[in-house]
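See below for entry-v5.tsv, which holds TSV, C-alpha atoms and all ligand atoms.
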```tsv
chain	number	residue	atom	x	y	z
A	105	MET	CA	79.18	118.35	161.83
A	106	ALA	CA	78.59	114.69	162.57
A	107	VAL	CA	75.86	112.37	161.36
A	108	VAL	CA	75.37	109.61	163.88
A	109	THR	CA	73.42	106.53	162.86
A	110	ARG	CA	72.86	103.14	164.41
A	111	GLY	CA	75.70	101.77	162.27
A	112	GLY	CA	78.34	104.44	162.96
A	113	TYR	CA	79.07	108.09	162.28
A	114	ARG	CA	80.38	110.37	159.55
A	115	VAL	CA	82.15	113.67	160.25
A	116	MET	CA	81.92	116.57	157.79
A	117	ASP	CA	82.95	120.20	157.69
A	118	LEU	CA	80.26	122.83	157.30
A	119	ASP	CA	80.41	122.54	153.49
A	120	GLY	CA	79.49	118.88	153.77
A	121	GLN	CA	83.02	117.63	152.95
A	122	GLU	CA	83.67	114.39	154.78
A	123	PHE	CA	86.95	114.04	156.68
A	124	THR	CA	88.61	111.75	159.21
A	125	PRO	CA	88.75	113.48	162.55
A	126	GLN	CA	91.84	113.45	164.69
A	127	VAL	CA	91.22	111.37	167.79
A	128	HIS	CA	92.59	112.45	171.18
A	129	THR	CA	92.24	109.91	173.95
A	130	ILE	CA	91.67	111.58	177.30
A	131	ALA	CA	93.09	109.37	179.98
A	132	TRP	CA	90.70	110.62	182.64
A	133	ASP	CA	89.31	107.90	184.79
A	134	PRO	CA	85.55	108.44	185.48
A	135	VAL	CA	86.23	107.40	189.10
A	136	SER	CA	88.34	110.53	189.47
A	137	ALA	CA	85.19	112.61	189.02
A	138	VAL	CA	83.36	111.27	192.10
A	139	LYS	CA	84.01	112.34	195.68
A	140	GLY	CA	84.54	108.84	197.08
A	141	GLU	CA	85.59	108.92	200.73
A	142	TYR	CA	85.95	112.72	200.74
A	143	LYS	CA	83.41	115.25	201.92
A	144	HIS	CA	84.08	117.74	199.15
A	145	PHE	CA	85.68	117.71	195.72
A	146	MET	CA	88.10	120.38	196.84
A	147	GLN	CA	89.31	118.17	199.68
A	148	LYS	CA	89.70	115.25	197.31
A	149	GLU	CA	91.58	117.40	194.82
A	150	ILE	CA	93.95	118.68	197.51
A	151	PHE	CA	94.74	115.09	198.51
A	152	ASP	CA	95.03	114.08	194.88
A	153	GLN	CA	98.08	116.29	194.37
A	154	PRO	CA	100.89	113.76	194.87
A	155	ARG	CA	99.26	111.53	192.24
A	156	ALA	CA	98.57	114.47	189.94
A	157	ILE	CA	102.21	115.60	190.11
A	158	ILE	CA	103.39	112.09	189.30
A	159	ASP	CA	101.14	112.14	186.21
A	160	THR	CA	102.45	115.58	185.24
A	161	LEU	CA	106.03	114.38	185.43
A	162	GLY	CA	105.23	111.07	183.71
A	163	GLY	CA	107.30	110.53	180.58
A	164	ARG	CA	108.68	114.07	180.67
A	165	ILE	CA	112.03	113.28	182.29
A	166	ASP	CA	114.58	110.89	180.88
A	167	PHE	CA	116.34	109.75	184.05
A	168	GLU	CA	119.14	108.02	182.23
A	169	ASN	CA	120.25	111.21	180.47
A	170	GLY	CA	118.74	113.67	182.92
A	171	THR	CA	116.84	115.51	180.16
A	172	VAL	CA	113.34	117.01	179.86
A	173	HIS	CA	110.93	116.17	177.03
A	174	LEU	CA	107.95	118.31	176.19
A	175	PRO	CA	106.90	116.87	172.83
A	176	GLU	CA	103.70	118.91	172.47
A	177	MET	CA	105.65	122.16	172.85
A	178	ASN	CA	107.31	121.75	169.43
A	179	LEU	CA	110.37	123.63	170.68
A	180	THR	CA	113.25	123.82	168.20
A	181	PRO	CA	116.63	125.51	168.67
A	182	ASP	CA	115.72	127.98	165.88
A	183	LEU	CA	112.41	128.92	167.46
A	184	VAL	CA	113.93	129.38	170.91
A	185	ALA	CA	116.79	131.45	169.45
A	186	GLN	CA	114.24	133.75	167.80
A	187	ILE	CA	112.31	134.46	171.02
A	188	ASN	CA	113.60	137.29	173.17
A	189	LYS	CA	110.64	137.89	175.47
A	190	LEU	CA	107.86	135.83	177.02
A	191	PHE	CA	104.50	137.11	178.19
A	192	ILE	CA	102.49	134.91	180.51
A	193	VAL	CA	98.75	135.66	180.38
A	194	ALA	CA	96.20	134.10	182.72
A	195	CYS	CA	93.39	134.78	185.20
A	196	GLY	CA	92.79	133.96	188.86
A	197	THR	CA	94.86	131.18	190.34
A	198	SER	CA	96.49	130.52	186.95
A	199	TYR	CA	97.81	134.10	187.02
A	200	TYR	CA	99.56	133.41	190.33
A	201	ALA	CA	101.09	130.28	188.81
A	202	GLY	CA	102.37	132.63	186.11
A	203	LEU	CA	104.09	134.82	188.70
A	204	VAL	CA	105.98	131.78	189.99
A	205	GLY	CA	106.69	130.87	186.35
A	206	LYS	CA	108.38	134.23	185.77
A	207	TYR	CA	110.71	133.51	188.66
A	208	LEU	CA	111.48	129.99	187.39
A	209	ILE	CA	112.01	130.91	183.73
A	210	GLU	CA	114.06	134.02	184.46
A	211	THR	CA	116.22	132.13	186.97
A	212	ILE	CA	116.78	128.97	184.96
A	213	ALA	CA	116.51	130.12	181.33
A	214	ARG	CA	117.40	133.84	181.72
A	215	LEU	CA	114.57	134.79	179.35
A	216	PRO	CA	112.76	138.04	180.26
A	217	VAL	CA	109.18	137.30	181.33
A	218	GLU	CA	106.23	139.63	181.87
A	219	VAL	CA	103.13	138.30	183.58
A	220	GLU	CA	99.81	139.97	182.84
A	221	TYR	CA	96.21	139.43	183.79
A	222	ALA	CA	94.68	138.35	180.49
A	223	SER	CA	91.87	140.89	180.96
A	224	GLU	CA	94.48	143.68	181.14
A	225	PHE	CA	96.73	142.38	178.37
A	226	ARG	CA	93.77	142.61	175.97
A	227	TYR	CA	93.43	146.33	176.37
A	228	TYR	CA	96.78	147.92	177.14
A	229	ASN	CA	98.52	147.60	173.79
A	230	PRO	CA	101.45	145.37	174.85
A	231	ILE	CA	104.67	145.32	172.84
A	232	VAL	CA	104.43	142.01	170.97
A	233	ASP	CA	106.06	140.89	167.72
A	234	ASN	CA	107.36	137.72	166.10
A	235	GLN	CA	110.19	137.53	168.62
A	236	THR	CA	107.67	137.28	171.45
A	237	ALA	CA	106.14	134.11	172.85
A	238	VAL	CA	102.87	134.31	174.76
A	239	LEU	CA	102.13	131.53	177.23
A	240	ALA	CA	98.53	131.15	178.37
A	241	ILE	CA	98.00	129.24	181.61
A	242	THR	CA	94.46	127.95	181.92
A	243	GLN	CA	92.94	124.95	183.66
A	244	SER	CA	89.77	124.98	181.58
A	245	GLY	CA	91.35	126.16	178.35
A	246	GLU	CA	88.16	128.12	177.78
A	247	THR	CA	88.52	131.33	179.84
A	248	ALA	CA	87.31	134.11	177.54
A	249	ASP	CA	89.87	136.74	178.57
A	250	THR	CA	92.79	134.32	178.26
A	251	LEU	CA	91.69	133.19	174.80
A	252	ALA	CA	91.19	136.78	173.63
A	253	ALA	CA	94.64	137.77	174.92
A	254	ALA	CA	96.21	134.83	173.06
A	255	GLU	CA	94.35	135.64	169.84
A	256	GLN	CA	95.41	139.26	170.04
A	257	ALA	CA	99.04	138.22	170.50
A	258	ARG	CA	98.75	135.88	167.52
A	259	SER	CA	97.54	138.74	165.33
A	260	GLN	CA	100.70	140.66	166.33
A	261	GLY	CA	102.92	137.77	165.23
A	262	ALA	CA	103.63	136.05	168.56
A	263	THR	CA	104.25	132.34	169.02
A	264	LEU	CA	101.48	130.94	171.22
A	265	TRP	CA	102.08	128.43	173.96
A	266	ALA	CA	99.65	127.07	176.53
A	267	ILE	CA	99.73	125.17	179.81
A	268	VAL	CA	96.30	123.64	179.96
A	269	ASN	CA	94.38	120.91	181.75
A	270	ALA	CA	91.39	120.30	179.48
A	271	ILE	CA	92.67	118.29	176.54
A	272	GLY	CA	91.27	119.49	173.22
A	273	SER	CA	90.09	122.81	174.70
A	274	GLN	CA	90.20	125.98	172.64
A	275	SER	CA	93.38	127.19	174.24
A	276	MET	CA	95.16	123.99	173.30
A	277	ARG	CA	93.84	124.08	169.74
A	278	LEU	CA	94.84	127.70	169.28
A	279	SER	CA	98.43	127.24	170.43
A	280	ASP	CA	101.59	126.40	168.51
A	281	GLY	CA	102.80	124.37	171.47
A	282	SER	CA	101.27	123.21	174.72
A	283	ILE	CA	101.98	121.33	177.93
A	284	PRO	CA	99.10	119.37	179.43
A	285	MET	CA	98.79	119.65	183.22
A	286	HIS	CA	97.59	116.04	183.54
A	287	ALA	CA	95.84	117.05	186.75
A	288	GLY	CA	92.70	115.05	185.91
A	289	PRO	CA	89.25	116.60	186.29
A	290	GLU	CA	89.13	119.50	188.74
A	291	ILE	CA	85.57	120.04	189.92
A	292	GLY	CA	85.87	122.30	193.00
A	293	VAL	CA	85.59	125.90	191.84
A	294	ALA	CA	88.66	126.91	193.83
A	295	SER	CA	91.65	125.61	191.93
A	296	THR	CA	94.18	123.43	193.78
A	297	LYS	CA	95.76	120.59	191.82
A	298	ALA	CA	95.65	122.57	188.57
A	299	PHE	CA	97.79	125.19	190.35
A	300	THR	CA	100.46	122.78	191.58
A	301	THR	CA	100.62	120.88	188.30
A	302	SER	CA	100.95	124.18	186.41
A	303	LEU	CA	103.93	124.99	188.61
A	304	VAL	CA	105.51	121.65	187.73
A	305	ASP	CA	104.90	122.31	184.01
A	306	LEU	CA	106.48	125.76	184.34
A	307	TYR	CA	109.50	124.23	186.05
A	308	LEU	CA	109.89	121.70	183.23
A	309	LEU	CA	109.44	124.46	180.63
A	310	ALA	CA	112.13	126.53	182.37
A	311	CYS	CA	114.46	123.50	182.23
A	312	ALA	CA	113.72	122.89	178.53
A	313	LEU	CA	114.25	126.56	177.65
A	314	GLY	CA	117.37	126.73	179.81
A	315	THR	CA	118.83	123.76	177.94
A	316	LEU	CA	118.06	125.20	174.49
A	317	ARG	CA	119.29	128.68	175.45
A	318	GLY	CA	122.46	127.25	176.98
A	319	THR	CA	121.90	128.92	180.35
A	320	ILE	CA	122.19	125.67	182.33
A	321	SER	CA	124.78	122.95	182.13
A	322	GLN	CA	124.02	119.25	181.82
A	323	ARG	CA	124.96	118.96	185.49
A	324	ASP	CA	122.52	121.71	186.54
A	325	LEU	CA	119.80	120.03	184.53
A	326	ARG	CA	120.41	116.69	186.19
A	327	ARG	CA	120.17	118.30	189.61
A	328	LEU	CA	116.96	120.13	188.67
A	329	THR	CA	115.37	116.96	187.30
A	330	ASP	CA	116.50	114.93	190.33
A	331	ASP	CA	114.99	117.53	192.66
A	332	VAL	CA	111.58	117.47	191.03
A	333	THR	CA	111.21	113.70	191.38
A	334	HIS	CA	111.02	114.11	195.19
A	335	LEU	CA	108.10	116.50	194.93
A	336	PRO	CA	105.20	114.00	195.16
A	337	SER	CA	106.53	112.55	198.41
A	338	LEU	CA	107.23	116.00	199.89
A	339	VAL	CA	103.65	117.05	199.13
A	340	GLY	CA	102.43	113.76	200.62
A	341	ARG	CA	104.29	114.54	203.86
A	342	VAL	CA	102.47	117.88	204.17
A	343	LEU	CA	99.12	116.17	203.66
A	344	GLU	CA	99.85	113.76	206.51
A	345	ARG	CA	99.63	116.73	208.89
A	346	ASP	CA	96.07	117.56	207.88
A	347	SER	CA	94.70	117.39	211.45
A	348	GLU	CA	97.00	120.29	212.45
A	349	TYR	CA	95.28	122.54	209.93
A	350	GLN	CA	91.92	121.58	211.32
A	351	THR	CA	93.10	122.67	214.77
A	352	LEU	CA	94.41	125.92	213.37
A	353	ALA	CA	91.12	126.51	211.53
A	354	ASP	CA	89.19	125.96	214.79
A	355	GLN	CA	91.26	128.72	216.32
A	356	TYR	CA	91.02	131.33	213.56
A	357	TYR	CA	87.80	130.68	211.64
A	358	LYS	CA	86.12	133.72	213.16
A	359	ALA	CA	88.77	136.16	211.95
A	360	ARG	CA	87.41	138.92	209.71
A	361	ASN	CA	90.69	139.70	207.97
A	362	PHE	CA	93.86	137.77	207.21
A	363	LEU	CA	97.21	138.93	205.90
A	364	PHE	CA	99.50	136.57	203.98
A	365	LEU	CA	103.16	137.52	203.60
A	366	GLY	CA	105.88	136.00	201.45
A	367	ARG	CA	108.97	137.08	199.55
A	368	GLY	CA	110.68	136.13	196.31
A	369	ILE	CA	109.30	132.98	194.78
A	370	ASN	CA	106.93	132.63	197.76
A	371	TYR	CA	105.30	136.01	197.27
A	372	PRO	CA	102.85	134.57	194.68
A	373	ILE	CA	102.09	131.82	197.21
A	374	ALA	CA	101.03	134.49	199.71
A	375	LEU	CA	98.72	135.87	196.99
A	376	GLU	CA	97.32	132.43	196.26
A	377	GLY	CA	96.81	131.70	199.99
A	378	ALA	CA	94.79	134.91	200.33
A	379	LEU	CA	92.78	134.14	197.19
A	380	LYS	CA	91.90	130.61	198.40
A	381	LEU	CA	90.68	131.96	201.73
A	382	LYS	CA	88.50	134.69	200.27
A	383	GLU	CA	87.07	132.45	197.53
A	384	ILE	CA	85.74	129.74	199.79
A	385	SER	CA	85.40	131.20	203.29
A	386	TYR	CA	84.47	134.80	202.39
A	387	ILE	CA	87.04	136.15	204.85
A	388	HIS	CA	88.75	139.26	203.57
A	389	ALA	CA	92.39	138.38	202.96
A	390	GLU	CA	95.32	140.14	201.36
A	391	GLY	CA	98.57	138.73	200.07
A	392	TYR	CA	101.56	141.03	200.23
A	393	PRO	CA	105.28	140.93	199.48
A	394	ALA	CA	106.61	141.08	203.03
A	395	GLY	CA	109.04	143.91	202.31
A	396	GLU	CA	106.09	146.13	201.37
A	397	MET	CA	104.33	145.59	204.70
A	398	LYS	CA	105.84	148.78	206.10
A	399	HIS	CA	104.30	150.79	203.24
A	400	GLY	CA	100.69	150.18	204.17
A	401	PRO	CA	99.38	146.90	205.58
A	402	ILE	CA	101.30	147.34	208.82
A	403	ALA	CA	98.70	149.97	209.73
A	404	LEU	CA	96.04	147.24	209.80
A	405	ILE	CA	97.85	144.88	212.15
A	406	ASP	CA	96.34	144.41	215.60
A	407	GLU	CA	95.41	141.50	217.86
A	408	ALA	CA	92.41	140.67	215.67
A	409	MET	CA	94.48	140.21	212.50
A	410	PRO	CA	96.14	136.84	211.88
A	411	VAL	CA	99.28	137.21	209.76
A	412	LEU	CA	100.41	134.09	207.95
A	413	ALA	CA	104.07	134.46	207.07
A	414	ILE	CA	105.92	132.08	204.75
A	415	VAL	CA	109.29	131.80	206.50
A	416	THR	CA	110.73	128.66	204.96
A	417	LYS	CA	114.51	128.38	204.73
A	418	ASP	CA	115.87	130.17	201.69
A	419	ALA	CA	118.07	133.13	200.87
A	420	LEU	CA	115.44	135.55	202.24
A	421	TYR	CA	114.88	133.74	205.54
A	422	ASP	CA	116.46	136.41	207.78
A	423	LYS	CA	114.48	139.15	206.03
A	424	MET	CA	111.25	137.23	206.61
A	425	VAL	CA	112.04	136.69	210.30
A	426	SER	CA	112.45	140.42	210.69
A	427	GLN	CA	108.99	141.01	209.11
A	428	VAL	CA	107.54	138.50	211.57
A	429	GLN	CA	109.13	140.44	214.44
A	430	GLN	CA	107.63	143.66	213.13
A	431	ALA	CA	104.16	142.13	212.91
A	432	LYS	CA	104.51	140.78	216.47
A	433	ALA	CA	105.69	144.14	217.75
A	434	ARG	CA	102.36	145.60	216.51
A	435	GLY	CA	100.37	143.03	218.44
A	436	GLY	CA	99.57	140.81	215.42
A	437	ILE	CA	98.93	137.08	215.71
A	438	VAL	CA	101.62	135.40	213.61
A	439	ILE	CA	101.27	131.96	212.05
A	440	ALA	CA	104.64	130.99	210.59
A	441	LEU	CA	105.00	128.49	207.78
A	442	ALA	CA	108.50	127.18	208.45
A	443	THR	CA	110.93	124.43	207.51
A	444	GLU	CA	111.05	121.29	209.65
A	445	GLY	CA	113.86	121.54	212.16
A	446	ASP	CA	113.62	125.33	212.51
A	447	GLU	CA	113.09	125.55	216.28
A	448	ALA	CA	114.17	129.20	216.51
A	449	ILE	CA	111.04	130.39	214.74
A	450	ARG	CA	108.93	129.18	217.67
A	451	GLN	CA	110.28	132.11	219.70
A	452	GLU	CA	108.97	134.56	217.11
A	453	ALA	CA	105.54	133.26	216.12
A	454	ASP	CA	102.31	132.32	217.91
A	455	TYR	CA	101.85	129.20	215.86
A	456	VAL	CA	104.22	127.29	213.58
A	457	ILE	CA	103.27	125.06	210.66
A	458	TYR	CA	106.11	122.87	209.45
A	459	VAL	CA	106.80	121.74	205.90
A	460	PRO	CA	109.68	119.51	204.79
A	461	GLN	CA	112.91	121.02	203.49
A	462	THR	CA	112.44	121.56	199.74
A	463	PRO	CA	114.78	122.96	197.05
A	464	PRO	CA	113.94	126.69	196.82
A	465	LEU	CA	112.67	126.60	193.21
A	466	LEU	CA	110.15	123.91	194.16
A	467	ALA	CA	109.18	125.36	197.53
A	468	PRO	CA	106.02	127.07	196.16
A	469	VAL	CA	104.50	123.68	195.34
A	470	VAL	CA	105.01	122.43	198.90
A	471	ASN	CA	104.22	125.73	200.64
A	472	VAL	CA	100.85	126.21	199.00
A	473	ILE	CA	99.47	122.92	200.37
A	474	PRO	CA	99.11	124.11	204.01
A	475	LEU	CA	97.38	127.25	202.73
A	476	GLN	CA	94.90	125.18	200.71
A	477	LEU	CA	94.20	122.96	203.74
A	478	LEU	CA	93.82	125.91	206.09
A	479	SER	CA	91.35	127.65	203.77
A	480	TYR	CA	89.46	124.42	203.28
A	481	HIS	CA	89.06	123.73	207.00
A	482	ILE	CA	88.16	127.35	207.78
A	483	ALA	CA	85.46	127.28	205.08
A	484	VAL	CA	84.06	123.97	206.41
A	485	ARG	CA	84.06	125.36	209.97
A	486	ARG	CA	82.12	128.41	208.74
A	487	GLY	CA	79.58	126.19	207.02
A	488	ALA	CA	80.38	127.61	203.57
A	489	ASP	CA	79.64	125.83	200.31
A	490	VAL	CA	83.24	124.80	199.62
A	491	ASP	CA	82.84	123.40	196.11
A	492	GLN	CA	80.42	126.03	194.81
A	493	PRO	CA	81.29	129.35	196.44
A	494	ARG	CA	78.75	132.11	195.89
A	495	ASN	CA	79.12	134.28	192.79
A	496	LEU	CA	82.06	132.27	191.38
A	497	ALA	CA	82.21	129.95	188.37
A	498	LYS	CA	84.65	127.20	187.50
A	499	SER	CA	85.06	128.34	183.96
A	500	VAL	CA	84.45	131.96	182.99
A	501	THR	CA	83.61	131.89	179.30
A	502	VAL	CA	82.32	135.46	179.10
A	503	GLU	CA	84.25	138.70	179.40
A	601	LIG	C1	87.74	131.18	187.60
A	601	LIG	C2	87.95	130.07	188.62
A	601	LIG	C3	89.37	130.12	189.18
A	601	LIG	C4	90.38	130.06	188.04
A	601	LIG	C5	90.12	131.16	186.99
A	601	LIG	C6	90.95	130.94	185.74
A	601	LIG	O1	87.76	132.42	188.23
A	601	LIG	O2	87.01	130.20	189.66
A	601	LIG	O3	89.59	129.04	190.05
A	601	LIG	O4	91.68	130.19	188.56
A	601	LIG	O5	88.75	131.14	186.58
A	601	LIG	O6	90.54	129.75	185.14
A	601	LIG	P1	91.38	128.94	184.10
A	601	LIG	O7	90.49	127.78	183.69
A	601	LIG	O8	91.65	129.85	182.93
A	601	LIG	O9	92.63	128.49	184.76
```
Kindly return the structure encoded in the file as structure tokens.
Ligand code: G6P
Amino acid sequence: MAVVTRGGYRVMDLDGQEFTPQVHTIAWDPVSAVKGEYKHFMQKEIFDQPRAIIDTLGGRIDFENGTVHLPEMNLTPDLVAQINKLFIVACGTSYYAGLVGKYLIETIARLPVEVEYASEFRYYNPIVDNQTAVLAITQSGETADTLAAAEQARSQGATLWAIVNAIGSQSMRLSDGSIPMHAGPEIGVASTKAFTTSLVDLYLLACALGTLRGTISQRDLRRLTDDVTHLPSLVGRVLERDSEYQTLADQYYKARNFLFLGRGINYPIALEGALKLKEISYIHAEGYPAGEMKHGPIALIDEAMPVLAIVTKDALYDKMVSQVQQAKARGGIVIALATEGDEAIRQEADYVIYVPQTPPLLAPVVNVIPLQLLSYHIAVRRGADVDQPRNLAKSVTVE
């Protein structure tokens, strides 16, 4: 309760006891909440990503020693030694960030991770105790299902962590440790920069946990921290090719269905690509792990079905090429998202989108950008309300 007068203010609890509130300064620049030269907030937020990632990394990496610092996480060797399982709970785009997070944390820190939709976690009686950590990922920090899942885990003894954009939000206040996204205000309903900055936070968390759990050497850590510093410029290089996505959108904006395929760490990116398209353009889209295509979606493929396949160079490249060949053999139109310099893929696909070579654990951050741009341009071409899609809300504070 606050009493505000001309001369100042006094803050009291509900019993009338005065106290000195804790002050959090939110470094959000009011200019970042206006569209400026952009047509839509979503477009601005997509182009804001190199800057947002720089802010996310800011102060977290000590380049001299090659170490990661997450002061708000309050991680101690004792706490990390106690934890033997991590649940990630989230909704929507944040849930897909969680799926990438599982891959990162299990690979780097070798800690078992389960990712759950917060709305499911609440009701299925998960196995949680004081050796469990529960990480909520939430841009708004106010999503009702995510908060309820975290509160339920707390009552079962879990340690609560949060990756959150809105400073001072309920999710942040509820948690024992948190990592701010530092994405700045995200106004477009469809999440973009909060997704990529969450991925960067998850990468840093994986590095911090890997160090404390002894699963990575000092040398590995230095390589991982070196790699991430190139991310803003790699994302910037994708954005420079924006006009190509406009051309692609002109070609495919009338499609009624889209299939997105990916494997491994890029499977959640296929899911996110499909979600972006359906949210803002109202085209039905499905994301699928490419290896599962033969168990169902292949039946849908014909010349009216664009298939966007993430075929960037990694350990699963050959497997992905073979999925592309199978889609082509069924008459599908294949758009391949490939690594610069991969000329061979041109023989396999109808259209190739190139992204710069990126270390595999960071590839999701780079690979999602073309999918955001494609969805954006398709939605604009269809005359949809990009920033305020029908029936959707930015922050869902009810169950
Ligand atoms: C809504 C928004 C999505 C968002 C989801 C989770 O559905 O439209 O863009 O991903 O909520 O929001 P959160 O704030 O918890 O990340």
Q: Name the residues in contact with segment 288-297 of chain A at a cut-off of 10 Å, using all atoms listed in the file, excluding same-chain residues fewer than 2 positions from it; report them as JSON, numbers by chain.
A: {"A": [130, 131, 132, 133, 134, 136, 137, 138, 139, 144, 145, 146, 147, 148, 149, 150, 151, 152, 153, 154, 155, 156, 157, 159, 160, 196, 197, 198, 243, 244, 269, 270, 271, 285, 286, 299, 300, 301, 302, 303, 376, 379, 380, 381, 383, 384, 469, 472, 473, 476, 477, 480, 490, 491, 492, 493, 496, 497, 498, 499]}
Q) Between A:Glu407, A:Asp249, A:Glu210, A:Glu224, which has the minimum distance to ligand LIG 601 (chain A) (counting all atoms listed in the file)? A) A:Asp249
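Compared by their closest atoms to Asp346 of chain A, and using all atoms listed in the file, the residues A:Gly170, A:Gly140, A:Gly163, A:Pro474 rank with A:Pro474 nearest.
Atom CA of Arg317 of chain A sits 29.1 Å away from atom CA of Arg226 of chain A.
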What are the centre and edge lengths in Å, to one decimal, of the axis-aligned box around all listed atoms of segment 420-438 of chain A with 4 Å added on each side, as JSON?
```
{"center_x": 107.7, "center_y": 139.7, "center_z": 210.3, "size_x": 25.5, "size_y": 19.9, "size_z": 24.2}
```
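Considering the residues A:Ala237, A:Ala257, A:Val459, A:Ala483 and counting only C-alpha atoms, Leu190 of chain A has its shortest atom-to-atom contact with A:Ala237.
The coordinates place atom CA of Leu239 of chain A at 10.2 Å from atom CA of Ser275 of chain A.
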Non-local contacts of Glu348 of chain A (10 Å; only C-alpha atoms; under 4 positions in same chain excluded) as a short mmCIF file (atom, residue, chain, number, x, y, z; two decimals) with C-alpha atoms, keeping the file's coordinate frame:
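Output contents, as saved in around_38.cif:
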```cif
data_model
loop_
_atom_site.label_atom_id
_atom_site.label_comp_id
_atom_site.auth_asym_id
_atom_site.auth_seq_id
_atom_site.Cartn_x
_atom_site.Cartn_y
_atom_site.Cartn_z
CA LEU A 343 99.12 116.17 203.66
CA GLU A 344 99.85 113.76 206.51
CA LEU A 352 94.41 125.92 213.37
CA ALA A 353 91.12 126.51 211.53
CA ASP A 354 89.19 125.96 214.79
CA ILE A 457 103.27 125.06 210.66
CA TYR A 458 106.11 122.87 209.45
CA PRO A 474 99.11 124.11 204.01
CA LEU A 477 94.20 122.96 203.74
CA LEU A 478 93.82 125.91 206.09
#
```
Find the spatial neighbours of Gln322 of chain A, counting all atoms listed in the file, within a cut-off of 10 Å - ignore same-chain residues fewer than 4 positions away - and output them as a tab-separated table (two decimals) with C-alpha atoms, in the frame of the given file.
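Saved to part_13.tsv:
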```
chain	number	residue	atom	x	y	z
A	169	ASN	CA	120.25	111.21	180.47
A	170	GLY	CA	118.74	113.67	182.92
A	171	THR	CA	116.84	115.51	180.16
A	315	THR	CA	118.83	123.76	177.94
A	318	GLY	CA	122.46	127.25	176.98
A	326	ARG	CA	120.41	116.69	186.19
A	327	ARG	CA	120.17	118.30	189.61
A	328	LEU	CA	116.96	120.13	188.67
```
Using all atoms listed in the file, give me every residue within 12 Å of (100.5, 135.0, 191.2) in file coordinates, as a PDB file with C-alpha atoms, in the coordinates of the input.
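Contents of part.pdb, as written:
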```pdb
ATOM      1  CA  ILE A 192     102.490 134.910 180.510  1.00  0.00           C
ATOM      2  CA  VAL A 193      98.750 135.660 180.380  1.00  0.00           C
ATOM      3  CA  ALA A 194      96.200 134.100 182.720  1.00  0.00           C
ATOM      4  CA  CYS A 195      93.390 134.780 185.200  1.00  0.00           C
ATOM      5  CA  GLY A 196      92.790 133.960 188.860  1.00  0.00           C
ATOM      6  CA  THR A 197      94.860 131.180 190.340  1.00  0.00           C
ATOM      7  CA  SER A 198      96.490 130.520 186.950  1.00  0.00           C
ATOM      8  CA  TYR A 199      97.810 134.100 187.020  1.00  0.00           C
ATOM      9  CA  TYR A 200      99.560 133.410 190.330  1.00  0.00           C
ATOM     10  CA  ALA A 201     101.090 130.280 188.810  1.00  0.00           C
ATOM     11  CA  GLY A 202     102.370 132.630 186.110  1.00  0.00           C
ATOM     12  CA  LEU A 203     104.090 134.820 188.700  1.00  0.00           C
ATOM     13  CA  VAL A 204     105.980 131.780 189.990  1.00  0.00           C
ATOM     14  CA  GLY A 205     106.690 130.870 186.350  1.00  0.00           C
ATOM     15  CA  LYS A 206     108.380 134.230 185.770  1.00  0.00           C
ATOM     16  CA  TYR A 207     110.710 133.510 188.660  1.00  0.00           C
ATOM     17  CA  GLU A 218     106.230 139.630 181.870  1.00  0.00           C
ATOM     18  CA  VAL A 219     103.130 138.300 183.580  1.00  0.00           C
ATOM     19  CA  GLU A 220      99.810 139.970 182.840  1.00  0.00           C
ATOM     20  CA  TYR A 221      96.210 139.430 183.790  1.00  0.00           C
ATOM     21  CA  ILE A 241      98.000 129.240 181.610  1.00  0.00           C
ATOM     22  CA  PHE A 299      97.790 125.190 190.350  1.00  0.00           C
ATOM     23  CA  SER A 302     100.950 124.180 186.410  1.00  0.00           C
ATOM     24  CA  LEU A 303     103.930 124.990 188.610  1.00  0.00           C
ATOM     25  CA  GLY A 366     105.880 136.000 201.450  1.00  0.00           C
ATOM     26  CA  GLY A 368     110.680 136.130 196.310  1.00  0.00           C
ATOM     27  CA  ILE A 369     109.300 132.980 194.780  1.00  0.00           C
ATOM     28  CA  ASN A 370     106.930 132.630 197.760  1.00  0.00           C
ATOM     29  CA  TYR A 371     105.300 136.010 197.270  1.00  0.00           C
ATOM     30  CA  PRO A 372     102.850 134.570 194.680  1.00  0.00           C
ATOM     31  CA  ILE A 373     102.090 131.820 197.210  1.00  0.00           C
ATOM     32  CA  ALA A 374     101.030 134.490 199.710  1.00  0.00           C
ATOM     33  CA  LEU A 375      98.720 135.870 196.990  1.00  0.00           C
ATOM     34  CA  GLU A 376      97.320 132.430 196.260  1.00  0.00           C
ATOM     35  CA  GLY A 377      96.810 131.700 199.990  1.00  0.00           C
ATOM     36  CA  ALA A 378      94.790 134.910 200.330  1.00  0.00           C
ATOM     37  CA  LEU A 379      92.780 134.140 197.190  1.00  0.00           C
ATOM     38  CA  GLY A 391      98.570 138.730 200.070  1.00  0.00           C
ATOM     39  CA  TYR A 392     101.560 141.030 200.230  1.00  0.00           C
ATOM     40  CA  PRO A 393     105.280 140.930 199.480  1.00  0.00           C
ATOM     41  CA  PRO A 468     106.020 127.070 196.160  1.00  0.00           C
ATOM     42  CA  VAL A 472     100.850 126.210 199.000  1.00  0.00           C
TER      43      VAL A 472
END
```
